[in-house]
file entry_15.csv (CSV, C-alpha atoms and all ligand atoms)
chain,number,residue,atom,x,y,z
A,1,MET,CA,0.0,0.0,0.0
A,2,LEU,CA,1.2,3.5,-0.8
A,3,PRO,CA,2.4,5.7,2.0
A,4,LEU,CA,0.0,8.5,3.2
A,5,VAL,CA,-0.5,11.0,0.4
A,6,ALA,CA,-1.8,14.6,0.7
A,7,ARG,CA,-4.1,15.5,-2.2
A,8,GLU,CA,-5.9,18.8,-2.9
A,9,TYR,CA,-9.6,18.4,-3.3
A,10,ALA,CA,-12.2,21.2,-3.7
A,11,GLY,CA,-10.3,23.7,-1.5
A,12,TRP,CA,-9.4,21.0,1.1
A,13,CYS,CA,-6.2,19.0,1.7
A,14,GLN,CA,-7.2,15.3,2.0
A,15,VAL,CA,-5.4,12.2,3.3
A,16,TRP,CA,-6.7,8.7,3.4
A,17,ALA,CA,-5.7,6.9,6.6
A,18,PRO,CA,-5.6,3.1,6.4
A,19,ALA,CA,-6.2,0.6,9.2
A,20,LYS,CA,-3.5,-1.9,10.2
A,21,VAL,CA,-3.6,-5.5,11.6
A,22,ASN,CA,-0.9,-7.3,13.6
A,23,LEU,CA,-0.6,-10.9,12.4
A,24,TYR,CA,2.1,-11.6,15.0
A,25,LEU,CA,2.8,-9.8,18.3
A,26,ARG,CA,5.2,-11.1,20.8
A,27,VAL,CA,5.8,-9.1,24.0
A,28,VAL,CA,9.5,-9.3,24.6
A,29,GLY,CA,9.6,-7.7,28.0
A,30,LYS,CA,8.9,-4.6,30.1
A,31,ARG,CA,11.1,-1.6,29.7
A,32,PRO,CA,12.4,0.8,32.3
A,33,ASP,CA,10.2,3.6,30.7
A,34,GLY,CA,7.1,1.5,31.5
A,35,PHE,CA,6.4,0.6,27.9
A,36,HIS,CA,6.7,-3.0,26.6
A,37,GLU,CA,9.3,-4.1,24.0
A,38,LEU,CA,7.5,-5.8,21.1
A,39,ALA,CA,8.3,-8.0,18.1
A,40,THR,CA,5.4,-7.6,15.7
A,41,PHE,CA,4.4,-7.8,12.1
A,42,MET,CA,2.1,-5.0,11.0
A,43,LEU,CA,0.2,-4.8,7.7
A,44,PRO,CA,-1.8,-1.9,6.4
A,45,VAL,CA,-5.3,-3.0,5.3
A,46,PRO,CA,-7.7,-1.2,2.9
A,47,LEU,CA,-10.2,0.1,5.4
A,48,PHE,CA,-9.9,3.9,5.6
A,49,ASP,CA,-10.7,7.0,7.6
A,50,THR,CA,-10.4,10.3,5.8
A,51,ILE,CA,-8.7,13.5,7.1
A,52,LEU,CA,-9.6,16.8,5.5
A,53,ALA,CA,-8.1,20.2,6.4
A,54,ARG,CA,-8.3,23.8,5.1
A,55,PRO,CA,-6.7,27.0,6.4
A,56,ALA,CA,-8.4,28.7,9.3
A,57,GLY,CA,-7.5,31.2,12.1
A,58,ASN,CA,-7.2,28.5,14.8
A,59,ILE,CA,-7.1,24.7,15.1
A,60,SER,CA,-10.6,23.0,15.2
A,61,LEU,CA,-11.8,19.5,14.7
A,62,GLN,CA,-15.1,18.0,13.6
A,63,CYS,CA,-15.9,14.3,13.4
A,64,ASP,CA,-18.8,12.4,11.9
A,65,ASP,CA,-18.7,10.0,14.8
A,66,PRO,CA,-20.3,11.8,17.8
A,67,SER,CA,-18.9,9.2,20.3
A,68,LEU,CA,-15.4,10.6,19.7
A,69,PRO,CA,-13.9,13.7,21.4
A,70,VAL,CA,-12.9,16.6,19.2
A,71,ASP,CA,-10.5,18.2,21.6
A,72,SER,CA,-7.2,17.1,23.1
A,73,GLY,CA,-8.8,13.7,23.8
A,74,ASN,CA,-8.6,13.1,20.0
A,75,LEU,CA,-5.1,12.2,18.6
A,76,VAL,CA,-5.9,14.2,15.4
A,77,PHE,CA,-6.3,17.4,17.5
A,78,ARG,CA,-3.1,16.5,19.5
A,79,ALA,CA,-1.2,15.9,16.3
A,80,ALA,CA,-2.3,19.3,14.9
A,81,THR,CA,-1.4,21.2,18.1
A,82,LEU,CA,1.9,19.4,18.4
A,83,LEU,CA,2.9,20.2,14.8
A,84,ALA,CA,1.9,23.8,15.2
A,85,ALA,CA,3.7,24.2,18.5
A,86,ARG,CA,7.0,22.8,17.1
A,87,HIS,CA,7.0,24.0,13.5
A,88,ALA,CA,4.2,26.4,12.7
A,89,PRO,CA,3.4,28.7,15.7
A,90,GLY,CA,0.2,30.5,15.2
A,91,ARG,CA,-1.1,28.5,12.3
A,92,GLY,CA,-4.6,27.2,12.2
A,93,ALA,CA,-6.7,24.7,10.3
A,94,GLU,CA,-10.3,23.5,10.2
A,95,ILE,CA,-10.0,19.7,10.3
A,96,GLU,CA,-12.6,17.1,9.5
A,97,LEU,CA,-12.3,13.5,10.5
A,98,ARG,CA,-14.5,10.9,8.7
A,99,LYS,CA,-14.4,7.7,10.7
A,100,ARG,CA,-14.9,4.3,9.1
A,101,ILE,CA,-12.3,2.3,11.1
A,102,PRO,CA,-13.8,1.0,14.3
A,103,HIS,CA,-12.1,2.3,17.4
A,104,GLN,CA,-10.8,0.4,20.5
A,105,ALA,CA,-10.3,-2.4,18.0
A,106,GLY,CA,-6.5,-2.8,17.7
A,107,LEU,CA,-6.8,-1.6,14.1
A,108,GLY,CA,-4.7,1.5,14.6
A,109,GLY,CA,-7.5,3.9,13.5
A,110,GLY,CA,-6.6,6.7,16.0
A,111,SER,CA,-2.8,6.2,15.2
A,112,SER,CA,-3.4,6.3,11.5
A,113,ASP,CA,-5.6,9.4,11.8
A,114,ALA,CA,-2.8,11.1,13.8
A,115,ALA,CA,-0.2,10.2,11.2
A,116,ALA,CA,-2.5,11.4,8.4
A,117,ALA,CA,-3.1,14.7,10.2
A,118,LEU,CA,0.7,15.3,10.4
A,119,VAL,CA,1.0,14.6,6.6
A,120,CYS,CA,-2.1,16.7,5.8
A,121,LEU,CA,-1.0,19.7,7.8
A,122,ASN,CA,2.6,19.5,6.7
A,123,HIS,CA,1.3,19.9,3.2
A,124,LEU,CA,-1.4,22.5,4.0
A,125,TRP,CA,1.0,24.7,6.0
A,126,GLY,CA,3.8,24.3,3.4
A,127,LEU,CA,6.3,23.1,6.1
A,128,ASP,CA,8.1,20.6,3.9
A,129,LEU,CA,9.2,18.4,6.9
A,130,GLY,CA,10.8,15.1,6.0
A,131,ARG,CA,9.7,11.7,7.2
A,132,SER,CA,12.2,11.5,10.0
A,133,GLU,CA,11.0,14.8,11.5
A,134,LEU,CA,7.4,13.7,11.2
A,135,ALA,CA,8.3,10.3,12.7
A,136,ALA,CA,9.8,11.9,15.8
A,137,LEU,CA,6.5,13.8,16.4
A,138,ALA,CA,4.5,10.7,15.6
A,139,LEU,CA,6.2,8.7,18.4
A,140,GLU,CA,5.3,11.4,20.9
A,141,LEU,CA,1.7,10.8,19.9
A,142,GLY,CA,1.6,7.0,20.2
A,143,SER,CA,3.7,3.9,19.7
A,144,ASP,CA,1.9,2.8,16.5
A,145,VAL,CA,1.8,6.3,14.9
A,146,PRO,CA,5.2,6.1,13.1
A,147,PHE,CA,4.2,2.8,11.4
A,148,PHE,CA,1.7,4.8,9.3
A,149,LEU,CA,4.4,7.1,8.0
A,150,GLY,CA,6.2,4.0,6.6
A,151,ASN,CA,5.8,2.3,3.2
A,152,GLY,CA,3.7,-0.7,4.1
A,153,PRO,CA,4.1,-4.2,5.7
A,154,ALA,CA,6.9,-4.1,8.3
A,155,TRP,CA,8.5,-6.1,11.1
A,156,CYS,CA,8.4,-3.7,14.0
A,157,THR,CA,10.4,-3.7,17.3
A,158,GLY,CA,11.0,-1.3,20.1
A,159,ARG,CA,7.6,0.1,21.1
A,160,GLY,CA,6.6,-0.7,17.5
A,161,GLU,CA,8.4,2.2,16.0
A,162,ILE,CA,11.6,0.5,14.7
A,163,MET,CA,10.5,-0.8,11.3
A,164,THR,CA,12.1,-3.2,8.9
A,165,PRO,CA,10.1,-3.3,5.6
A,166,VAL,CA,8.9,-6.8,4.6
A,167,GLU,CA,7.8,-7.9,1.2
A,168,PRO,CA,5.6,-11.0,1.7
A,169,ALA,CA,5.5,-13.6,-1.1
A,170,TYR,CA,1.7,-13.5,-1.4
A,171,ARG,CA,-1.4,-11.3,-0.6
A,172,PHE,CA,-3.4,-11.6,2.5
A,173,ASN,CA,-7.1,-12.3,2.3
A,174,LEU,CA,-8.4,-11.3,5.7
A,175,VAL,CA,-11.7,-11.2,7.5
A,176,VAL,CA,-11.9,-8.8,10.4
A,177,VAL,CA,-14.6,-9.2,13.1
A,178,LYS,CA,-15.2,-6.4,15.6
A,179,PRO,CA,-17.5,-7.1,18.5
A,180,MET,CA,-19.4,-4.1,19.9
A,181,GLU,CA,-17.3,-4.0,23.0
A,182,GLY,CA,-13.9,-2.2,22.6
A,183,LEU,CA,-10.7,-2.7,24.6
A,184,CYS,CA,-8.3,-0.1,26.1
A,185,THR,CA,-4.7,-0.6,25.1
A,186,ARG,CA,-3.3,0.7,28.4
A,187,GLN,CA,-5.5,-1.6,30.4
A,188,ILE,CA,-4.6,-4.7,28.4
A,189,PHE,CA,-0.9,-4.1,28.8
A,190,GLN,CA,-1.5,-3.6,32.6
A,191,LEU,CA,-3.2,-7.0,32.7
A,192,LEU,CA,-0.3,-8.9,31.1
A,193,GLY,CA,0.6,-11.7,33.4
A,194,ALA,CA,4.2,-12.6,34.3
A,195,GLU,CA,4.0,-15.7,32.2
A,196,ASN,CA,4.0,-13.6,29.1
A,197,LEU,CA,7.0,-11.5,30.2
A,198,PRO,CA,10.3,-13.3,29.9
A,199,GLY,CA,11.9,-10.7,32.2
A,200,ALA,CA,13.6,-7.4,31.8
A,201,VAL,CA,14.5,-6.4,28.2
A,202,GLY,CA,18.0,-7.7,27.5
A,203,ASP,CA,17.5,-11.0,29.4
A,204,PHE,CA,18.6,-13.0,26.4
A,205,PRO,CA,18.7,-15.6,24.9
A,206,ASP,CA,14.9,-15.5,24.7
A,207,PRO,CA,13.6,-19.0,23.7
A,208,LYS,CA,10.6,-17.4,21.9
A,209,LEU,CA,12.9,-15.9,19.3
A,210,GLN,CA,12.5,-19.1,17.3
A,211,ASP,CA,8.7,-18.3,16.9
A,212,ASP,CA,9.7,-14.9,15.3
A,213,GLN,CA,11.9,-16.9,12.9
A,214,ALA,CA,9.1,-19.3,12.0
A,215,PHE,CA,6.7,-16.5,11.3
A,216,GLN,CA,9.2,-14.6,9.2
A,217,ASN,CA,10.0,-17.8,7.2
A,218,ALA,CA,6.3,-18.3,6.6
A,219,LEU,CA,6.0,-14.8,5.2
A,220,ARG,CA,8.4,-16.0,2.5
A,221,GLN,CA,6.5,-19.2,1.9
A,222,THR,CA,2.7,-19.6,1.7
A,223,ALA,CA,-0.4,-18.2,3.5
A,224,MET,CA,-1.1,-21.8,4.6
A,225,ALA,CA,2.3,-21.9,6.4
A,226,LEU,CA,1.6,-18.5,7.9
A,227,GLY,CA,-1.8,-19.7,9.3
A,228,ASN,CA,0.0,-21.9,11.9
A,229,THR,CA,2.4,-19.2,13.1
A,230,LEU,CA,-0.1,-16.4,13.9
A,231,ARG,CA,0.3,-15.2,17.5
A,232,ASN,CA,-0.6,-12.4,19.8
A,233,ASP,CA,0.6,-12.4,23.4
A,234,LEU,CA,-2.1,-9.7,24.3
A,235,GLU,CA,-4.9,-12.2,23.5
A,236,VAL,CA,-4.7,-13.7,27.0
A,237,PRO,CA,-5.5,-10.5,28.9
A,238,SER,CA,-8.0,-9.4,26.2
A,239,CYS,CA,-9.9,-12.7,26.5
A,240,GLN,CA,-10.0,-12.3,30.3
A,241,LEU,CA,-11.8,-9.0,29.8
A,242,LEU,CA,-13.9,-10.1,26.9
A,243,PRO,CA,-14.4,-13.9,26.9
A,244,SER,CA,-16.6,-13.6,23.7
A,245,LEU,CA,-13.4,-13.3,21.7
A,246,GLU,CA,-12.9,-17.0,22.3
A,247,GLN,CA,-16.3,-17.6,20.7
A,248,ILE,CA,-15.5,-15.5,17.7
A,249,ARG,CA,-12.2,-17.4,17.3
A,250,LYS,CA,-14.1,-20.7,17.3
A,251,GLU,CA,-16.7,-19.5,14.8
A,252,MET,CA,-13.9,-18.2,12.5
A,253,MET,CA,-12.0,-21.5,12.7
A,254,SER,CA,-15.1,-23.6,12.0
A,255,ALA,CA,-15.7,-21.5,8.9
A,256,GLY,CA,-12.5,-23.1,7.5
A,257,VAL,CA,-9.9,-20.4,7.6
A,258,LEU,CA,-6.1,-20.9,7.8
A,259,GLY,CA,-5.7,-19.2,11.2
A,260,VAL,CA,-7.1,-16.6,13.5
A,261,VAL,CA,-5.4,-13.9,15.6
A,262,MET,CA,-6.5,-10.9,17.6
A,263,THR,CA,-5.0,-7.6,16.2
A,264,GLY,CA,-3.1,-5.2,18.6
A,265,SER,CA,-4.8,-5.1,22.0
A,266,GLY,CA,-8.2,-6.0,20.4
A,267,SER,CA,-11.0,-6.2,20.3
A,268,ALA,CA,-11.0,-7.0,16.6
A,269,MET,CA,-10.2,-10.6,15.6
A,270,VAL,CA,-8.6,-11.4,12.2
A,271,ALA,CA,-9.0,-14.6,10.1
A,272,LEU,CA,-6.6,-15.5,7.3
A,273,ALA,CA,-8.4,-17.1,4.4
A,274,ALA,CA,-6.9,-19.2,1.6
A,275,ASP,CA,-8.2,-16.8,-1.1
A,276,ALA,CA,-10.4,-13.8,-1.7
A,277,SER,CA,-13.6,-15.7,-2.5
A,278,LYS,CA,-13.1,-17.8,0.7
A,279,ALA,CA,-12.7,-14.5,2.6
A,280,VAL,CA,-16.0,-13.3,1.2
A,281,SER,CA,-17.9,-16.5,2.1
A,282,VAL,CA,-16.4,-16.6,5.6
A,283,ALA,CA,-17.5,-12.9,6.1
A,284,GLN,CA,-21.0,-13.8,4.9
A,285,ARG,CA,-21.2,-16.6,7.5
A,286,LEU,CA,-19.8,-14.4,10.3
A,287,LYS,CA,-22.3,-11.6,9.7
A,288,SER,CA,-24.9,-13.4,11.8
A,289,ALA,CA,-22.5,-13.9,14.7
A,290,ARG,CA,-23.4,-12.2,18.0
A,291,THR,CA,-21.7,-11.5,21.3
A,292,PRO,CA,-23.7,-11.0,24.6
A,293,THR,CA,-23.9,-7.3,23.8
A,294,GLY,CA,-25.1,-7.5,20.2
A,295,PRO,CA,-24.1,-8.1,16.6
A,296,VAL,CA,-20.5,-7.9,15.4
A,297,ALA,CA,-19.2,-5.8,12.5
A,298,VAL,CA,-17.5,-7.8,9.7
A,299,TYR,CA,-15.0,-6.5,7.1
A,300,VAL,CA,-13.2,-8.2,4.2
A,301,ALA,CA,-9.7,-6.8,3.8
A,302,CYS,CA,-7.5,-8.2,1.1
A,303,SER,CA,-4.0,-6.7,1.0
A,304,ALA,CA,-2.6,-5.4,-2.3
A,305,VAL,CA,0.7,-7.2,-1.8
A,306,GLY,CA,1.8,-10.1,-4.0
B,1,LIG,O1,1.8,4.4,22.8
B,1,LIG,P1,0.3,4.3,23.1
B,1,LIG,O2,-0.2,5.6,23.6
B,1,LIG,O3,-0.5,3.8,22.0
B,1,LIG,O4,0.1,3.3,24.3
B,1,LIG,C1,-1.0,3.2,25.1
B,1,LIG,C2,-0.5,2.5,26.4
B,1,LIG,O5,-0.3,1.1,26.1
B,1,LIG,C3,0.8,3.0,27.0
B,1,LIG,O6,0.5,4.0,27.9
B,1,LIG,C4,1.3,1.8,27.6
B,1,LIG,O7,0.7,1.6,28.9
B,1,LIG,C5,0.9,0.6,26.8
B,1,LIG,N1,1.9,0.2,25.8
B,1,LIG,C6,3.0,-0.5,26.3
B,1,LIG,N2,4.0,-0.9,25.4
B,1,LIG,C7,3.9,-0.6,24.1
B,1,LIG,C8,2.8,0.2,23.6
B,1,LIG,C9,1.8,0.6,24.5
B,1,LIG,O8,3.1,-0.8,27.4
B,1,LIG,N3,4.9,-1.0,23.2

call {"tool": "encode", "arguments": {"input": "entry_15.csv", "output": "structure tokens"}}
result
Amino acid sequence: MLPLVAREYAGWCQVWAPAKVNLYLRVVGKRPDGFHELATFMLPVPLFDTILARPAGNISLQCDDPSLPVDSGNLVFRAATLLAARHAPGRGAEIELRKRIPHQAGLGGGSSDAAAALVCLNHLWGLDLGRSELAALALELGSDVPFFLGNGPAWCTGRGEIMTPVEPAYRFNLVVVKPMEGLCTRQIFQLLGAENLPGAVGDFPDPKLQDDQAFQNALRQTAMALGNTLRNDLEVPSCQLLPSLEQIRKEMMSAGVLGVVMTGSGSAMVALAADASKAVSVAQRLKSARTPTGPVAVYVACSAVG
């Protein structure tokens, strides 16, 4: 997938902000700064929010999802005020956020919106900042924000911001299921049990490193091989808070997919299908799934890779 691009459209500057999925996420350990060291594979998927901005006297945000804040509780607003404070004092913009990516889902919607806002306002304000300058601001906004300034699928370490681009040998035919309940990233990391933490970062050799290798090898082989290596260490705490995720996993597996994994800190679950038509038929079947709080949202997301 192309990196974020600013386009001019009817007097507005517009950037499409894609979602991401983590098909592998290993928690390596807890760091002295309180964050967790990760080894994760992140993949942009074609499910988009849109950011629009035009010049104005001050910074304001509107959003078509009334459940989201439009002040400093929204990462887009924070991205705009951070960029202005560091590089464009006194500049303003009227910003519109059109939400399609479900939030509290582990799909990176808020992070992608923040990265898109940086790209959009960098263009609108004529700042001409390079990727590394934007990436430094992005990491201040959140661990996943720098990923969206990258070029596509990547093996990510550190908090998730140290990216090595990956070119998988095939495309990913994915079905994403999001229950109505969302999950809070901070809370999920807090619930991580000691069994998922090998120790302080640097306590090597870590026996789980061979799992990383198996996943990376499968990226160079087939989707079928990858199905057996999907993993997310945050699934244990997420399922404790939301046991219906286990039920979604079972329903996905019984629909005949190659593998199932939770993305990020949840609550969306991702199934890997053998091909695009299988993804569509699995999605059809899962549309009638329910959790105790209501129906689930189902998306087919086939990557453009391969
Ligand atoms: O970086 P971000 O704001 O998205 O992270 C939200 C929370 O998730 C952090 O405050 C931290 O508690 C936890 N987190 C973590 N290790 C990471 C990423 C997030 O512990 N690599």

call {"tool": "closest_residue", "arguments": {"input": "entry_15.csv", "among": "A:Gly108, A:Gly150, A:Pro243, A:Pro66", "to": "ligand LIG 1 (chain B)", "atoms": "all atoms listed in the file"}}
result
A:Gly108

call {"tool": "atom_distance", "arguments": {"input": "entry_15.csv", "atom1": "CA of Gly92 in chain A", "atom2": "CA of Ser111 in chain A"}}
result
21.3 Å

call {"tool": "closest_residue", "arguments": {"input": "entry_15.csv", "among": "A:Glu161, A:Asp113, A:Asp128, A:Glu133", "to": "ligand LIG 1 (chain B)", "atoms": "all atoms listed in the file"}}
result
A:Glu161

call {"tool": "closest_residue", "arguments": {"input": "entry_15.csv", "among": "A:Thr293, A:Gln216, A:Gln187, A:Ser267", "to": "ligand LIG 1 (chain B)", "atoms": "only C-alpha atoms and all ligand atoms"}}
result
A:Gln187

call {"tool": "residues_near_point", "arguments": {"input": "entry_15.csv", "point": "(-13.6, -16.7, 17.6)", "cutoff": "10 Å", "atoms": "all atoms listed in the file", "output": "PyMOL selection string"}}
result
chain A and resi 177+243-254+260-262+269-271+286+289

call {"tool": "residues_around", "arguments": {"input": "entry_15.csv", "residues": "Lys287 in chain A", "least_positions_apart": "3", "cutoff": "7 Å", "atoms": "all atoms listed in the file", "output": "list of chain:residue names"}}
result
A:Ala283, A:Gln284, A:Val298

call {"tool": "residues_near_ligand", "arguments": {"input": "entry_15.csv", "ligand": "ligand LIG 1 (chain B)", "cutoff": "6 Å", "atoms": "all atoms listed in the file", "output": "list in words"}}
result
Phe35, His36, Glu37, Leu38, Gly142, Ser143, Arg159, Gly160, Thr185, Arg186 and Phe189 of chain A

call {"tool": "write_last_selection", "arguments": {"input": "entry_15.csv", "atoms": "C-alpha atoms", "output": "PDB file, in the coordinates of the input"}}
result
ATOM      1  CA  PHE A  35       6.400   0.600  27.900  1.00  0.00           C
ATOM      2  CA  HIS A  36       6.700  -3.000  26.600  1.00  0.00           C
ATOM      3  CA  GLU A  37       9.300  -4.100  24.000  1.00  0.00           C
ATOM      4  CA  LEU A  38       7.500  -5.800  21.100  1.00  0.00           C
ATOM      5  CA  GLY A 142       1.600   7.000  20.200  1.00  0.00           C
ATOM      6  CA  SER A 143       3.700   3.900  19.700  1.00  0.00           C
ATOM      7  CA  ARG A 159       7.600   0.100  21.100  1.00  0.00           C
ATOM      8  CA  GLY A 160       6.600  -0.700  17.500  1.00  0.00           C
ATOM      9  CA  THR A 185      -4.700  -0.600  25.100  1.00  0.00           C
ATOM     10  CA  ARG A 186      -3.300   0.700  28.400  1.00  0.00           C
ATOM     11  CA  PHE A 189      -0.900  -4.100  28.800  1.00  0.00           C
TER      12      PHE A 189
END

call {"tool": "atom_distance", "arguments": {"input": "entry_15.csv", "atom1": "CA of Ala114 in chain A", "atom2": "CA of Val76 in chain A"}}
result
4.7 Å

call {"tool": "atom_distance", "arguments": {"input": "entry_15.csv", "atom1": "CA of Lys20 in chain A", "atom2": "CA of Val236 in chain A"}}
result
20.6 Å

call {"tool": "closest_residue", "arguments": {"input": "entry_15.csv", "among": "A:Gln213, A:Gln104, A:Gln221, A:Gln240", "to": "Lys178 in chain A", "atoms": "all atoms listed in the file"}}
result
A:Gln104

call {"tool": "closest_residue", "arguments": {"input": "entry_15.csv", "among": "A:Gly130, A:Gly11, A:Pro102, A:Gly158", "to": "Ala297 in chain A", "atoms": "all atoms listed in the file"}}
result
A:Pro102

call {"tool": "residues_around", "arguments": {"input": "entry_15.csv", "residues": "Pro46 in chain A", "least_positions_apart": "5", "cutoff": "10 Å", "atoms": "all atoms listed in the file", "output": "PyMOL selection string"}}
result
chain A and resi 1+16-20+299-304

call {"tool": "build_atoms", "arguments": {"input": "entry_15.csv", "residues": "range 165-181 of chain A", "atoms": "N, CA, C and O atoms", "output": "PDB file, in the coordinates of the input"}}
result
ATOM      1  N   PRO A 165      11.077  -2.955   6.650  1.00  0.00           N
ATOM      2  CA  PRO A 165      10.100  -3.300   5.600  1.00  0.00           C
ATOM      3  C   PRO A 165      10.147  -4.760   5.259  1.00  0.00           C
ATOM      4  O   PRO A 165      11.218  -5.362   5.230  1.00  0.00           O
ATOM      5  N   VAL A 166       8.976  -5.344   4.990  1.00  0.00           N
ATOM      6  CA  VAL A 166       8.900  -6.800   4.600  1.00  0.00           C
ATOM      7  C   VAL A 166       8.104  -6.849   3.316  1.00  0.00           C
ATOM      8  O   VAL A 166       7.125  -6.134   3.124  1.00  0.00           O
ATOM      9  N   GLU A 167       8.575  -7.713   2.416  1.00  0.00           N
ATOM     10  CA  GLU A 167       7.800  -7.900   1.200  1.00  0.00           C
ATOM     11  C   GLU A 167       7.325  -9.378   1.192  1.00  0.00           C
ATOM     12  O   GLU A 167       8.038 -10.280   0.760  1.00  0.00           O
ATOM     13  N   PRO A 168       6.104  -9.629   1.690  1.00  0.00           N
ATOM     14  CA  PRO A 168       5.600 -11.000   1.700  1.00  0.00           C
ATOM     15  C   PRO A 168       5.480 -11.576   0.319  1.00  0.00           C
ATOM     16  O   PRO A 168       5.332 -10.821  -0.642  1.00  0.00           O
ATOM     17  N   ALA A 169       5.505 -12.897   0.228  1.00  0.00           N
ATOM     18  CA  ALA A 169       5.500 -13.600  -1.100  1.00  0.00           C
ATOM     19  C   ALA A 169       4.091 -13.694  -1.644  1.00  0.00           C
ATOM     20  O   ALA A 169       3.930 -14.214  -2.744  1.00  0.00           O
ATOM     21  N   TYR A 170       3.073 -13.253  -0.941  1.00  0.00           N
ATOM     22  CA  TYR A 170       1.700 -13.500  -1.400  1.00  0.00           C
ATOM     23  C   TYR A 170       0.821 -12.394  -0.770  1.00  0.00           C
ATOM     24  O   TYR A 170       1.255 -11.631   0.104  1.00  0.00           O
ATOM     25  N   ARG A 171      -0.456 -12.325  -1.244  1.00  0.00           N
ATOM     26  CA  ARG A 171      -1.400 -11.300  -0.600  1.00  0.00           C
ATOM     27  C   ARG A 171      -2.127 -11.972   0.513  1.00  0.00           C
ATOM     28  O   ARG A 171      -2.201 -13.205   0.623  1.00  0.00           O
ATOM     29  N   PHE A 172      -2.653 -11.109   1.359  1.00  0.00           N
ATOM     30  CA  PHE A 172      -3.400 -11.600   2.500  1.00  0.00           C
ATOM     31  C   PHE A 172      -4.853 -11.370   2.337  1.00  0.00           C
ATOM     32  O   PHE A 172      -5.287 -10.250   2.062  1.00  0.00           O
ATOM     33  N   ASN A 173      -5.627 -12.436   2.442  1.00  0.00           N
ATOM     34  CA  ASN A 173      -7.100 -12.300   2.300  1.00  0.00           C
ATOM     35  C   ASN A 173      -7.652 -12.488   3.716  1.00  0.00           C
ATOM     36  O   ASN A 173      -7.677 -13.585   4.276  1.00  0.00           O
ATOM     37  N   LEU A 174      -8.076 -11.362   4.259  1.00  0.00           N
ATOM     38  CA  LEU A 174      -8.400 -11.300   5.700  1.00  0.00           C
ATOM     39  C   LEU A 174      -9.878 -10.991   5.913  1.00  0.00           C
ATOM     40  O   LEU A 174     -10.504 -10.266   5.135  1.00  0.00           O
ATOM     41  N   VAL A 175     -10.394 -11.543   6.996  1.00  0.00           N
ATOM     42  CA  VAL A 175     -11.700 -11.200   7.500  1.00  0.00           C
ATOM     43  C   VAL A 175     -11.538 -10.629   8.882  1.00  0.00           C
ATOM     44  O   VAL A 175     -10.898 -11.264   9.720  1.00  0.00           O
ATOM     45  N   VAL A 176     -12.066  -9.435   9.098  1.00  0.00           N
ATOM     46  CA  VAL A 176     -11.900  -8.800  10.400  1.00  0.00           C
ATOM     47  C   VAL A 176     -13.300  -8.744  11.070  1.00  0.00           C
ATOM     48  O   VAL A 176     -14.275  -8.319  10.455  1.00  0.00           O
ATOM     49  N   VAL A 177     -13.348  -9.226  12.313  1.00  0.00           N
ATOM     50  CA  VAL A 177     -14.600  -9.200  13.100  1.00  0.00           C
ATOM     51  C   VAL A 177     -14.412  -8.362  14.318  1.00  0.00           C
ATOM     52  O   VAL A 177     -13.511  -8.607  15.115  1.00  0.00           O
ATOM     53  N   LYS A 178     -15.251  -7.348  14.460  1.00  0.00           N
ATOM     54  CA  LYS A 178     -15.200  -6.400  15.600  1.00  0.00           C
ATOM     55  C   LYS A 178     -16.451  -6.532  16.434  1.00  0.00           C
ATOM     56  O   LYS A 178     -17.515  -6.149  15.953  1.00  0.00           O
ATOM     57  N   PRO A 179     -16.345  -7.077  17.675  1.00  0.00           N
ATOM     58  CA  PRO A 179     -17.500  -7.100  18.500  1.00  0.00           C
ATOM     59  C   PRO A 179     -17.860  -5.641  18.963  1.00  0.00           C
ATOM     60  O   PRO A 179     -17.019  -4.748  18.818  1.00  0.00           O
ATOM     61  N   MET A 180     -19.070  -5.432  19.471  1.00  0.00           N
ATOM     62  CA  MET A 180     -19.400  -4.100  19.900  1.00  0.00           C
ATOM     63  C   MET A 180     -18.543  -3.530  20.977  1.00  0.00           C
ATOM     64  O   MET A 180     -18.216  -2.354  21.013  1.00  0.00           O
ATOM     65  N   GLU A 181     -18.116  -4.416  21.875  1.00  0.00           N
ATOM     66  CA  GLU A 181     -17.300  -4.000  23.000  1.00  0.00           C
ATOM     67  C   GLU A 181     -15.861  -3.645  22.449  1.00  0.00           C
ATOM     68  O   GLU A 181     -15.306  -4.412  21.660  1.00  0.00           O
TER      69      GLU A 181
END
